[in-house]
$ cat query02.pdb   # PDB, C-alpha atoms and all ligand atoms
ATOM      1  CA  MET A1473      83.409 130.266 105.509
ATOM      2  CA  ARG A1474      81.369 127.278 106.709
ATOM      3  CA  TYR A1475      77.962 127.717 108.289
ATOM      4  CA  VAL A1476      76.474 125.525 110.979
ATOM      5  CA  GLU A1477      74.612 122.640 109.385
ATOM      6  CA  ASN A1478      73.639 119.464 111.180
ATOM      7  CA  PRO A1479      71.017 116.872 110.319
ATOM      8  CA  PRO A1480      68.567 116.256 113.199
ATOM      9  CA  ASN A1481      70.159 114.015 115.796
ATOM     10  CA  PRO A1482      68.165 110.744 115.896
ATOM     11  CA  PHE A1483      69.006 110.296 119.584
ATOM     12  CA  GLU A1484      67.548 113.667 120.572
ATOM     13  CA  LYS A1485      63.864 114.396 121.048
ATOM     14  CA  TYR A1486      64.041 117.925 119.630
ATOM     15  CA  SER A1487      65.977 119.512 116.803
ATOM     16  CA  SER A1488      66.404 123.179 115.881
ATOM     17  CA  GLU A1489      66.496 125.053 112.608
ATOM     18  CA  PHE A1490      67.830 128.479 111.723
ATOM     19  CA  LEU A1491      65.118 130.824 110.530
ATOM     20  CA  GLY A1492      67.592 133.178 108.886
ATOM     21  CA  GLU A1493      71.200 132.697 107.863
ATOM     22  CA  PRO A1494      72.948 130.060 110.039
ATOM     23  CA  SER A1495      75.871 131.081 112.259
ATOM     24  CA  PRO A1496      79.415 130.525 111.044
ATOM     25  CA  ALA A1497      80.784 127.142 112.164
ATOM     26  CA  LYS A1498      83.790 128.024 114.308
ATOM     27  CA  LEU A1499      86.264 125.674 115.926
ATOM     28  CA  GLU A1500      85.351 124.923 119.546
ATOM     29  CA  VAL A1501      87.704 122.801 121.623
ATOM     30  CA  TYR A1502      86.426 121.090 124.770
ATOM     31  CA  GLU A1503      88.948 119.627 127.159
ATOM     32  CA  GLU A1504      87.694 116.492 128.867
ATOM     33  CA  LYS A1505      89.760 116.145 132.011
ATOM     34  CA  THR A1506      88.115 113.191 133.674
ATOM     35  CA  THR A1507      88.276 110.461 131.027
ATOM     36  CA  LYS A1508      88.289 107.202 132.960
ATOM     37  CA  LYS A1509      88.797 104.725 130.129
ATOM     38  CA  ILE A1510      90.698 105.136 126.877
ATOM     39  CA  ILE A1511      90.857 101.589 125.469
ATOM     40  CA  THR A1512      87.679 100.487 123.734
ATOM     41  CA  LYS A1513      86.993  96.879 122.984
ATOM     42  CA  ALA A1514      85.444  96.778 119.550
ATOM     43  CA  TRP A1515      83.855  93.734 118.052
ATOM     44  CA  SER A1516      82.359  92.674 114.755
ATOM     45  CA  SER A1517      80.516  89.469 113.982
ATOM     46  CA  ASP A1518      82.855  88.804 111.059
ATOM     47  CA  PHE A1519      86.201  89.710 112.467
ATOM     48  CA  GLY A1520      86.265  89.361 116.207
ATOM     49  CA  SER A1521      87.734  91.664 118.809
ATOM     50  CA  ARG A1522      89.917  94.739 118.425
ATOM     51  CA  PHE A1523      91.172  97.241 120.964
ATOM     52  CA  THR A1524      91.140 100.888 119.907
ATOM     53  CA  VAL A1525      92.418 104.177 121.342
ATOM     54  CA  ASN A1526      91.038 107.601 120.359
ATOM     55  CA  CYS A1527      92.357 110.691 122.142
ATOM     56  CA  TYR A1528      89.857 113.037 120.464
ATOM     57  CA  ARG A1529      86.165 113.053 119.585
ATOM     58  CA  GLY A1530      85.190 114.695 116.302
ATOM     59  CA  CYS A1531      87.576 115.258 113.396
ATOM     60  CA  MET A1532      88.649 118.501 111.746
ATOM     61  CA  HIS A1533      89.503 116.674 108.515
ATOM     62  CA  ALA A1534      85.770 116.659 107.808
ATOM     63  CA  CYS A1535      85.536 113.834 105.258
ATOM     64  CA  THR A1536      81.919 113.906 104.109
ATOM     65  CA  TYR A1537      81.684 110.079 104.043
ATOM     66  CA  CYS A1538      83.075 109.559 107.566
ATOM     67  CA  PHE A1539      81.228 106.862 109.529
ATOM     68  CA  ALA A1540      82.562 108.296 112.818
ATOM     69  CA  ARG A1541      80.136 111.227 112.474
ATOM     70  CA  ARG A1542      77.621 109.023 114.197
ATOM     71  CA  TYR A1543      79.666 108.959 117.400
ATOM     72  CA  HIS A1544      79.144 112.712 117.771
ATOM     73  CA  GLU A1545      75.408 112.081 117.793
ATOM     74  CA  PHE A1546      75.883 109.765 120.768
ATOM     75  CA  LEU A1547      77.284 112.807 122.611
ATOM     76  CA  GLY A1548      74.262 114.955 121.768
ATOM     77  CA  TYR A1549      76.055 116.933 119.026
ATOM     78  CA  GLY A1550      75.223 117.003 115.332
ATOM     79  CA  SER A1551      76.903 114.760 112.786
ATOM     80  CA  GLY A1552      77.470 117.642 110.329
ATOM     81  CA  THR A1553      79.572 120.701 111.084
ATOM     82  CA  ASP A1554      79.452 119.894 114.821
ATOM     83  CA  PHE A1555      81.538 116.777 114.126
ATOM     84  CA  GLU A1556      84.065 118.892 112.223
ATOM     85  CA  THR A1557      84.316 121.856 114.568
ATOM     86  CA  LYS A1558      83.318 120.787 118.101
ATOM     87  CA  ILE A1559      86.304 118.729 119.114
ATOM     88  CA  VAL A1560      86.587 117.005 122.464
ATOM     89  CA  VAL A1561      90.152 116.514 123.677
ATOM     90  CA  LYS A1562      90.798 113.789 126.247
ATOM     91  CA  VAL A1563      93.686 115.587 127.871
ATOM     92  CA  ASN A1564      94.512 112.838 130.354
ATOM     93  CA  ALA A1565      94.562 110.081 127.687
ATOM     94  CA  PRO A1566      98.234 109.057 128.159
ATOM     95  CA  GLU A1567      97.886 108.721 131.950
ATOM     96  CA  VAL A1568      94.660 106.742 131.583
ATOM     97  CA  LEU A1569      96.255 104.502 128.959
ATOM     98  CA  ARG A1570      99.210 103.799 131.215
ATOM     99  CA  ALA A1571      96.939 102.882 134.111
ATOM    100  CA  GLU A1572      94.756 100.658 131.933
ATOM    101  CA  LEU A1573      97.697  98.860 130.388
ATOM    102  CA  LYS A1574      99.235  98.222 133.771
ATOM    103  CA  ARG A1575      96.075  96.295 134.614
ATOM    104  CA  THR A1576      95.549  94.612 131.244
ATOM    105  CA  ARG A1577      98.999  94.284 129.640
ATOM    106  CA  GLN A1578      98.913  90.491 129.739
ATOM    107  CA  LYS A1579      95.637  90.452 127.795
ATOM    108  CA  MET A1580      96.372  93.282 125.357
ATOM    109  CA  PRO A1581      97.597  91.759 122.103
ATOM    110  CA  HIS A1582      97.392  94.904 119.960
ATOM    111  CA  LEU A1583      96.156  98.496 120.027
ATOM    112  CA  ASP A1584      94.667 100.408 117.081
ATOM    113  CA  PHE A1585      94.857 104.221 116.978
ATOM    114  CA  SER A1586      91.920 105.443 114.864
ATOM    115  CA  PHE A1587      88.349 104.460 113.916
ATOM    116  CA  ALA A1588      86.592 107.317 115.732
ATOM    117  CA  THR A1589      88.865 110.196 114.700
ATOM    118  CA  ASP A1590      92.171 110.735 112.950
ATOM    119  CA  PRO A1591      94.864 110.345 115.641
ATOM    120  CA  TYR A1592      96.823 113.070 113.835
ATOM    121  CA  LEU A1593      94.144 115.708 113.392
ATOM    122  CA  PRO A1594      95.635 119.266 113.485
ATOM    123  CA  LEU A1595      95.078 119.734 117.244
ATOM    124  CA  GLU A1596      97.488 116.857 117.883
ATOM    125  CA  ALA A1597     100.323 119.179 116.815
ATOM    126  CA  SER A1598      99.939 121.072 120.085
ATOM    127  CA  TYR A1599      98.289 118.537 122.433
ATOM    128  CA  GLU A1600     100.646 115.626 121.600
ATOM    129  CA  LEU A1601      98.251 113.102 123.105
ATOM    130  CA  THR A1602      98.710 110.458 120.418
ATOM    131  CA  ARG A1603     102.465 110.984 120.714
ATOM    132  CA  ASN A1604     102.424 110.479 124.471
ATOM    133  CA  CYS A1605     100.153 107.433 124.184
ATOM    134  CA  LEU A1606     102.598 105.922 121.680
ATOM    135  CA  LYS A1607     105.377 106.479 124.202
ATOM    136  CA  VAL A1608     103.356 104.408 126.666
ATOM    137  CA  CYS A1609     102.930 101.650 124.045
ATOM    138  CA  ARG A1610     106.652 101.717 123.389
ATOM    139  CA  GLU A1611     107.440 101.430 127.043
ATOM    140  CA  MET A1612     105.014  98.533 127.491
ATOM    141  CA  ARG A1613     105.893  96.902 124.161
ATOM    142  CA  ILE A1614     102.367  96.884 122.746
ATOM    143  CA  PRO A1615     102.104  96.180 118.986
ATOM    144  CA  THR A1616     100.253  99.071 117.380
ATOM    145  CA  LEU A1617      98.332 100.056 114.266
ATOM    146  CA  ILE A1618      97.827 103.690 113.239
ATOM    147  CA  VAL A1619      95.407 104.800 110.508
ATOM    148  CA  THR A1620      95.762 108.404 109.401
ATOM    149  CA  LYS A1621      95.485 110.892 106.562
ATOM    150  CA  SER A1622      98.009 113.295 108.034
ATOM    151  CA  PRO A1623     101.750 113.814 107.499
ATOM    152  CA  LEU A1624     101.914 114.950 111.143
ATOM    153  CA  VAL A1625     102.594 111.278 111.929
ATOM    154  CA  THR A1626     106.162 111.832 110.663
ATOM    155  CA  ARG A1627     106.784 114.066 113.687
ATOM    156  CA  ASP A1628     106.777 110.886 115.807
ATOM    157  CA  ILE A1629     109.365 108.932 113.828
ATOM    158  CA  ASP A1630     111.619 108.854 116.881
ATOM    159  CA  ILE A1631     108.977 106.813 118.759
ATOM    160  CA  LEU A1632     107.666 104.794 115.816
ATOM    161  CA  LYS A1633     111.151 103.481 115.063
ATOM    162  CA  ASP A1634     111.214 101.717 118.417
ATOM    163  CA  LEU A1635     107.654 100.366 118.230
ATOM    164  CA  ASN A1636     106.181  97.278 116.603
ATOM    165  CA  VAL A1637     103.883  99.489 114.509
ATOM    166  CA  THR A1638     102.194  99.625 111.118
ATOM    167  CA  VAL A1639     101.053 103.003 109.805
ATOM    168  CA  MET A1640      98.219 102.755 107.278
ATOM    169  CA  PHE A1641      97.567 105.875 105.196
ATOM    170  CA  SER A1642      93.985 106.266 104.122
ATOM    171  CA  ILE A1643      94.221 107.392 100.466
ATOM    172  CA  PRO A1644      91.093 106.558  98.465
ATOM    173  CA  PHE A1645      91.554 109.153  95.715
ATOM    174  CA  LEU A1646      94.465 109.631  93.366
ATOM    175  CA  THR A1647      94.293 113.379  92.790
ATOM    176  CA  LYS A1648      93.474 116.431  94.856
ATOM    177  CA  GLU A1649      90.735 117.280  92.359
ATOM    178  CA  LYS A1650      88.972 114.060  93.308
ATOM    179  CA  SER A1651      89.804 114.239  97.006
ATOM    180  CA  ASN A1652      88.946 117.873  97.733
ATOM    181  CA  PRO A1653      85.161 117.701  97.228
ATOM    182  CA  LEU A1654      84.800 114.784  99.671
ATOM    183  CA  GLU A1655      87.759 115.156 102.040
ATOM    184  CA  LEU A1656      87.288 118.813 102.804
ATOM    185  CA  TYR A1657      90.225 119.608 105.087
ATOM    186  CA  THR A1658      92.591 116.690 104.644
ATOM    187  CA  PRO A1659      96.126 116.927 103.265
ATOM    188  CA  ASN A1660      96.248 116.168  99.533
ATOM    189  CA  PRO A1661      96.936 112.590  98.382
ATOM    190  CA  ASP A1662     100.487 113.458  97.267
ATOM    191  CA  VAL A1663     101.284 114.826 100.715
ATOM    192  CA  ARG A1664     100.086 111.546 102.252
ATOM    193  CA  PHE A1665     102.223 109.524  99.828
ATOM    194  CA  ARG A1666     105.259 111.655 100.731
ATOM    195  CA  ALA A1667     104.664 111.009 104.424
ATOM    196  CA  MET A1668     104.372 107.287 103.641
ATOM    197  CA  LYS A1669     107.786 107.381 101.973
ATOM    198  CA  THR A1670     109.338 109.329 104.821
ATOM    199  CA  LEU A1671     108.255 106.652 107.308
ATOM    200  CA  SER A1672     109.202 103.798 105.027
ATOM    201  CA  ASP A1673     112.692 105.260 104.511
ATOM    202  CA  GLU A1674     113.075 105.111 108.280
ATOM    203  CA  GLY A1675     112.230 101.395 108.288
ATOM    204  CA  ILE A1676     108.684 101.802 109.601
ATOM    205  CA  LYS A1677     106.039  99.441 108.150
ATOM    206  CA  VAL A1678     103.492 101.366 106.069
ATOM    207  CA  GLY A1679     100.409 100.565 104.022
ATOM    208  CA  ILE A1680      97.498 102.066 102.138
ATOM    209  CA  GLY A1681      93.779 101.921 102.842
ATOM    210  CA  VAL A1682      91.785 102.420  99.645
ATOM    211  CA  ALA A1683      88.765 103.278 101.719
ATOM    212  CA  PRO A1684      86.143 104.151 100.988
ATOM    213  CA  VAL A1685      85.604 102.928  97.466
ATOM    214  CA  ILE A1686      82.720 104.947  96.005
ATOM    215  CA  LEU A1687      81.687 103.038  92.917
ATOM    216  CA  GLY A1688      81.332 105.217  89.859
ATOM    217  CA  TYR A1689      83.790 107.715  91.340
ATOM    218  CA  ASN A1690      87.092 106.207  92.427
ATOM    219  CA  GLU A1691      87.356 102.485  91.651
ATOM    220  CA  SER A1692      89.333 103.347  88.518
ATOM    221  CA  ASP A1693      92.002 104.840  90.820
ATOM    222  CA  ILE A1694      92.707 101.487  92.505
ATOM    223  CA  PRO A1695      95.584 100.236  90.287
ATOM    224  CA  LYS A1696      97.447 103.536  90.341
ATOM    225  CA  LEU A1697      96.909 104.016  94.074
ATOM    226  CA  LEU A1698      98.392 100.594  94.784
ATOM    227  CA  GLU A1699     101.295 101.294  92.436
ATOM    228  CA  LYS A1700     102.059 104.634  94.070
ATOM    229  CA  ALA A1701     101.801 103.090  97.510
ATOM    230  CA  LYS A1702     104.276 100.399  96.485
ATOM    231  CA  GLU A1703     106.666 103.004  95.062
ATOM    232  CA  ASN A1704     106.492 104.806  98.386
ATOM    233  CA  GLY A1705     107.329 101.772 100.466
ATOM    234  CA  ALA A1706     103.935 100.241 101.341
ATOM    235  CA  SER A1707     103.734  96.511 101.944
ATOM    236  CA  LYS A1708     100.111  96.324 103.097
ATOM    237  CA  ALA A1709      96.819  97.343 101.544
ATOM    238  CA  PHE A1710      93.098  97.037 102.060
ATOM    239  CA  MET A1711      89.918  98.378 100.509
ATOM    240  CA  SER A1712      86.315  98.757 101.648
ATOM    241  CA  LEU A1713      83.064 100.078 100.265
ATOM    242  CA  VAL A1714      81.562 103.378 101.383
ATOM    243  CA  HIS A1715      78.769 102.853 103.880
ATOM    244  CA  PHE A1716      76.358 104.888 105.953
ATOM    245  CA  ASP A1717      74.956 103.737 109.244
ATOM    246  CA  SER A1718      72.167 106.275 109.621
ATOM    247  CA  GLU A1719      69.840 108.517 107.649
ATOM    248  CA  SER A1720      71.379 111.597 109.232
ATOM    249  CA  ILE A1721      74.917 110.857 108.018
ATOM    250  CA  LEU A1722      73.641 109.854 104.616
ATOM    251  CA  ASP A1723      71.684 113.088 104.429
ATOM    252  CA  TYR A1724      74.786 115.158 105.153
ATOM    253  CA  PHE A1725      76.873 113.220 102.606
ATOM    254  CA  THR A1726      74.209 113.545  99.911
ATOM    255  CA  LYS A1727      73.915 117.295 100.382
ATOM    256  CA  ARG A1728      77.679 117.817 100.209
ATOM    257  CA  LEU A1729      77.885 115.574  97.134
ATOM    258  CA  GLN A1730      75.199 117.569  95.334
ATOM    259  CA  GLU A1731      76.874 120.815  96.314
ATOM    260  CA  LYS A1732      80.483 119.858  95.507
ATOM    261  CA  ILE A1733      80.119 117.612  92.451
ATOM    262  CA  PRO A1734      76.589 118.258  91.144
ATOM    263  CA  THR A1735      77.249 116.739  87.729
ATOM    264  CA  LYS A1736      78.225 113.364  89.194
ATOM    265  CA  ALA A1737      76.052 113.219  92.305
ATOM    266  CA  ASP A1738      73.054 111.412  90.801
ATOM    267  CA  LYS A1739      75.199 108.804  89.080
ATOM    268  CA  ILE A1740      77.098 108.074  92.296
ATOM    269  CA  LEU A1741      73.928 107.828  94.388
ATOM    270  CA  ASN A1742      72.256 105.527  91.864
ATOM    271  CA  THR A1743      75.301 103.276  91.807
ATOM    272  CA  MET A1744      75.282 103.173  95.609
ATOM    273  CA  ARG A1745      71.593 102.234  95.582
ATOM    274  CA  ARG A1746      72.283  99.307  93.257
ATOM    275  CA  GLU A1747      74.845  97.942  95.715
ATOM    276  CA  ARG A1748      72.330  98.037  98.558
ATOM    277  CA  GLY A1749      69.333  96.522  96.785
ATOM    278  CA  GLY A1750      67.712  99.857  95.960
ATOM    279  CA  LYS A1751      68.504 101.638  99.208
ATOM    280  CA  LEU A1752      71.364 103.829 100.292
ATOM    281  CA  LEU A1753      71.708 102.396 103.797
ATOM    282  CA  HIS A1754      73.152  98.912 104.223
ATOM    283  CA  LYS A1755      70.822  96.227 105.513
ATOM    284  CA  SER A1756      73.045  94.735 108.155
ATOM    285  CA  TYR A1757      76.265  95.484 109.951
ATOM    286  CA  LYS A1758      77.900  92.504 108.274
ATOM    287  CA  GLU A1759      77.197  93.848 104.788
ATOM    288  CA  ARG A1760      78.411  97.344 105.386
ATOM    289  CA  VAL A1761      81.913  97.214 103.869
ATOM    290  CA  SER A1762      81.220  95.173 100.739
ATOM    291  CA  GLY A1763      78.802  95.341  97.843
ATOM    292  CA  THR A1764      76.636  92.902  95.932
ATOM    293  CA  THR A1765      76.840  93.765  92.237
ATOM    294  CA  GLU A1766      79.170  92.847  89.428
ATOM    295  CA  GLN A1767      80.607  96.363  89.590
ATOM    296  CA  TRP A1768      81.760  95.742  93.153
ATOM    297  CA  GLU A1769      83.104  92.285  92.257
ATOM    298  CA  THR A1770      85.055  93.836  89.383
ATOM    299  CA  ALA A1771      86.524  96.475  91.694
ATOM    300  CA  LYS A1772      87.507  93.748  94.158
ATOM    301  CA  LYS A1773      89.088  91.638  91.436
ATOM    302  CA  MET A1774      90.993  94.651  90.169
ATOM    303  CA  PHE A1775      92.279  95.280  93.687
ATOM    304  CA  ASP A1776      93.289  91.633  94.101
ATOM    305  CA  ILE A1777      95.063  91.425  90.747
ATOM    306  CA  HIS A1778      97.174  94.508  91.429
ATOM    307  CA  PHE A1779      97.666  93.535  95.058
ATOM    308  CA  LYS A1780      99.226  90.256  93.880
ATOM    309  CA  ARG A1781     101.104  91.774  90.947
ATOM    310  CA  LEU A1782     102.773  94.333  93.194
ATOM    311  CA  GLY A1783     103.602  91.806  95.898
ATOM    312  CA  PHE A1784     101.618  93.210  98.809
ATOM    313  CA  ASP A1785     101.609  91.130 101.941
ATOM    314  CA  ARG A1786      98.651  88.719 101.821
ATOM    315  CA  SER A1787      98.440  87.892 105.516
ATOM    316  CA  GLU A1788      98.576  91.534 106.551
ATOM    317  CA  LYS A1789      95.900  92.422 104.000
ATOM    318  CA  SER A1790      93.353  90.183 105.541
ATOM    319  CA  GLU A1791      94.378  91.222 109.032
ATOM    320  CA  THR A1792      93.938  94.886 108.259
ATOM    321  CA  VAL A1793      90.739  94.593 106.293
ATOM    322  CA  GLU A1794      89.176  93.102 109.361
ATOM    323  CA  ARG A1795      89.552  96.139 111.554
ATOM    324  CA  VAL A1796      85.965  97.198 111.903
ATOM    325  CA  PRO A1797      84.917  98.373 115.345
ATOM    326  CA  VAL A1798      81.501  98.131 116.930
ATOM    327  CA  GLN A1799      80.368 101.685 116.994
ATOM    328  CA  ARG A1800      78.217 102.094 120.060
ATOM    329  CA  SER A1801      80.828 100.673 122.378
ATOM    330  CA  LEU A1802      83.051 103.665 121.715
ATOM    331  CA  PHE A1803      81.257 105.820 124.225
TER
HETATM  332  S1  LIG A1901      90.201 111.667 108.667
HETATM  333 FE1  LIG A1901      89.149 109.771 109.224
HETATM  334  S2  LIG A1901      88.127 110.238 111.154
HETATM  335 FE2  LIG A1901      88.685 112.186 110.222
HETATM  336  S3  LIG A1901      86.864 112.846 109.090
HETATM  337 FE3  LIG A1901      88.218 111.727 107.663
HETATM  338  S4  LIG A1901      87.503 109.601 107.713
HETATM  339 FE4  LIG A1901      86.669 110.638 109.535
END
$ encode --input "query02.pdb" --output "structure tokens"
Amino acid sequence: MRYVENPPNPFEKYSSEFLGEPSPAKLEVYEEKTTKKIITKAWSSDFGSRFTVNCYRGCMHACTYCFARRYHEFLGYGSGTDFETKIVVKVNAPEVLRAELKRTRQKMPHLDFSFATDPYLPLEASYELTRNCLKVCREMRIPTLIVTKSPLVTRDIDILKDLNVTVMFSIPFLTKEKSNPLELYTPNPDVRFRAMKTLSDEGIKVGIGVAPVILGYNESDIPKLLEKAKENGASKAFMSLVHFDSESILDYFTKRLQEKIPTKADKILNTMRRERGGKLLHKSYKERVSGTTEQWETAKKMFDIHFKRLGFDRSEKSETVERVPVQRSLF
């Protein structure tokens, strides 16, 4: 049983606290029927423009490190259990996507499914919004990237086979023992690797995102993760450092870390502080996905050595590592 717990929303004037025991955090699904725009132009100073599609807001996978928690605050919700249990479903997403692409097809080089939620969160099994959006992309021949932690993506093999698509599985931890404390309701790493193989066996391009790297916790997993990804058909890989864009998200992560892995929490937080010059928040948007210390450089070198040794695709690596959206433009 989870109880409602949200850090104060920095965009709201008032916040509330439970005097007694908090209420249980139950799943609440809100259908948004009047979405007018589904493609978001995202931009970063380092990497230029991307176009993203997210059919849901919030994510039931509930990774404690998730940077998308902040987007729930933009809606007036909390970035804690609200993000995990109050899910907004854009039920007209496929129709809106079709209409937008009809207007913009000539200028739409690529669409990315992800970056504000997992496109295959459990509700997708019944709503099929990602599936129907992919059908639109297939029809209009739009090259596509999907980033997910869910084997539900294998349901859509029939569409993916006819699309110019790459499916990146986010797998930052090698074992379920390491994943479970931080990725509360995600499928275990082995399940993700199996889904990777299933897609690869069908001729669909797949890759691995070793993201986030939490120094002092999972950088030693990098070689084995890349090896397993290769064994399961991956040709692309990227990594990035854990980062927090606000005090509220950091607060939630820190509490969960201390609760789930109390013996390692201090060491991890101290290591994170070293990367950010003594603070836990990054100084600038540009610095958010990479560190500054020798420990980070060593992790990067280790990634590069095994990336080369295993023959991952160099051009695709740099392309994928660049996919960092501007956050406020999402809503
Ligand atoms: S699966 Fe992705 S979007 Fe969902 S909580 Fe985890 S990191 Fe965030």
$ closest_residue --input "query02.pdb" --among "A:Ile1740, A:Leu1654, A:Val1476, A:Met1640" --to "Tyr1549 (chain A)" --atoms "all atoms listed in the file"
A:Val1476
$ atom_distance --input "query02.pdb" --atom1 "CA of Ala1667 (chain A)" --atom2 "CA of Ser1692 (chain A)"
23.4 Å
$ resolve_selection --input "query02.pdb" --expression "the PyMOL selection byres (((not hetatm)) within 9 of (chain A and resi 1901))" --output "count of residues only"
33
$ atom_distance --input "query02.pdb" --atom1 "CA of Arg1610 (chain A)" --atom2 "CA of Lys1633 (chain A)"
9.6 Å
$ atom_distance --input "query02.pdb" --atom1 "CA of Glu1769 (chain A)" --atom2 "CA of Lys1702 (chain A)"
23.1 Å
$ closest_residue --input "query02.pdb" --among "A:Arg1664, A:Lys1498, A:Arg1627, A:Arg1542" --to "Ala1706 (chain A)" --atoms "all atoms listed in the file"
A:Arg1664
$ resolve_selection --input "query02.pdb" --expression "the PyMOL selection byres (((chain A and resi 1679) around 9) and not hetatm)" --output "tab-separated table (two decimals) with C-alpha atoms, in the frame of the given file"
chain	number	residue	atom	x	y	z
A	1638	THR	CA	102.19	99.62	111.12
A	1639	VAL	CA	101.05	103.00	109.80
A	1640	MET	CA	98.22	102.76	107.28
A	1641	PHE	CA	97.57	105.88	105.20
A	1642	SER	CA	93.98	106.27	104.12
A	1668	MET	CA	104.37	107.29	103.64
A	1677	LYS	CA	106.04	99.44	108.15
A	1678	VAL	CA	103.49	101.37	106.07
A	1680	ILE	CA	97.50	102.07	102.14
A	1681	GLY	CA	93.78	101.92	102.84
A	1701	ALA	CA	101.80	103.09	97.51
A	1702	LYS	CA	104.28	100.40	96.48
A	1705	GLY	CA	107.33	101.77	100.47
A	1706	ALA	CA	103.94	100.24	101.34
A	1707	SER	CA	103.73	96.51	101.94
A	1708	LYS	CA	100.11	96.32	103.10
A	1709	ALA	CA	96.82	97.34	101.54
A	1710	PHE	CA	93.10	97.04	102.06
$ resolve_selection --input "query02.pdb" --expression "the PyMOL selection byres (((chain A and resi 1712) around 9) and not hetatm)" --output "list of chain:residue names"
A:Gly1681, A:Val1682, A:Ala1683, A:Pro1684, A:Val1685, A:Phe1710, A:Met1711, A:Leu1713, A:Val1714, A:His1715, A:Arg1760, A:Val1761, A:Ser1762, A:Val1793
$ closest_residue --input "query02.pdb" --among "A:Arg1474, A:Lys1773, A:Arg1575, A:Lys1509" --to "Thr1557 (chain A)" --atoms "all atoms listed in the file"
A:Arg1474
$ closest_residue --input "query02.pdb" --among "A:Val1501, A:Val1637, A:Ile1614, A:Ile1686" --to "Tyr1599 (chain A)" --atoms "all atoms listed in the file"
A:Val1501
$ closest_residue --input "query02.pdb" --among "A:Asp1673, A:Asp1693, A:Asp1628, A:Glu1596" --to "Lys1650 (chain A)" --atoms "only C-alpha atoms"
A:Asp1693
$ residues_near_point --input "query02.pdb" --point "(74.4, 101.3, 99.3)" --cutoff "10 Å" --atoms "all atoms listed in the file" --output "ChimeraX atom specification"
/A:1686-1687,1713-1716,1741-1755,1759-1764
$ residues_near_point --input "query02.pdb" --point "(98.5, 101.9, 120.4)" --cutoff "8 Å" --atoms "all atoms listed in the file" --output "PyMOL selection string"
chain A and resi 1524-1525+1582-1585+1605-1606+1609+1614-1618
$ decode --input "query02.pdb" --residues "region 1605-1618 of chain A" --atoms "C-alpha atoms" --output "tab-separated table (two decimals), in the first residue's frame"
chain	number	residue	atom	x	y	z
A	1605	CYS	CA	-0.39	6.87	-33.21
A	1606	LEU	CA	2.21	4.46	-34.61
A	1607	LYS	CA	-0.31	3.40	-37.23
A	1608	VAL	CA	-0.55	7.05	-38.26
A	1609	CYS	CA	3.27	7.27	-38.47
A	1610	ARG	CA	3.32	4.13	-40.58
A	1611	GLU	CA	0.73	5.50	-42.92
A	1612	MET	CA	2.57	8.80	-43.28
A	1613	ARG	CA	6.03	7.20	-43.34
A	1614	ILE	CA	7.46	9.13	-40.40
A	1615	PRO	CA	10.73	7.75	-38.96
A	1616	THR	CA	10.19	7.06	-35.27
A	1617	LEU	CA	12.04	6.51	-32.01
A	1618	ILE	CA	10.44	4.77	-29.02
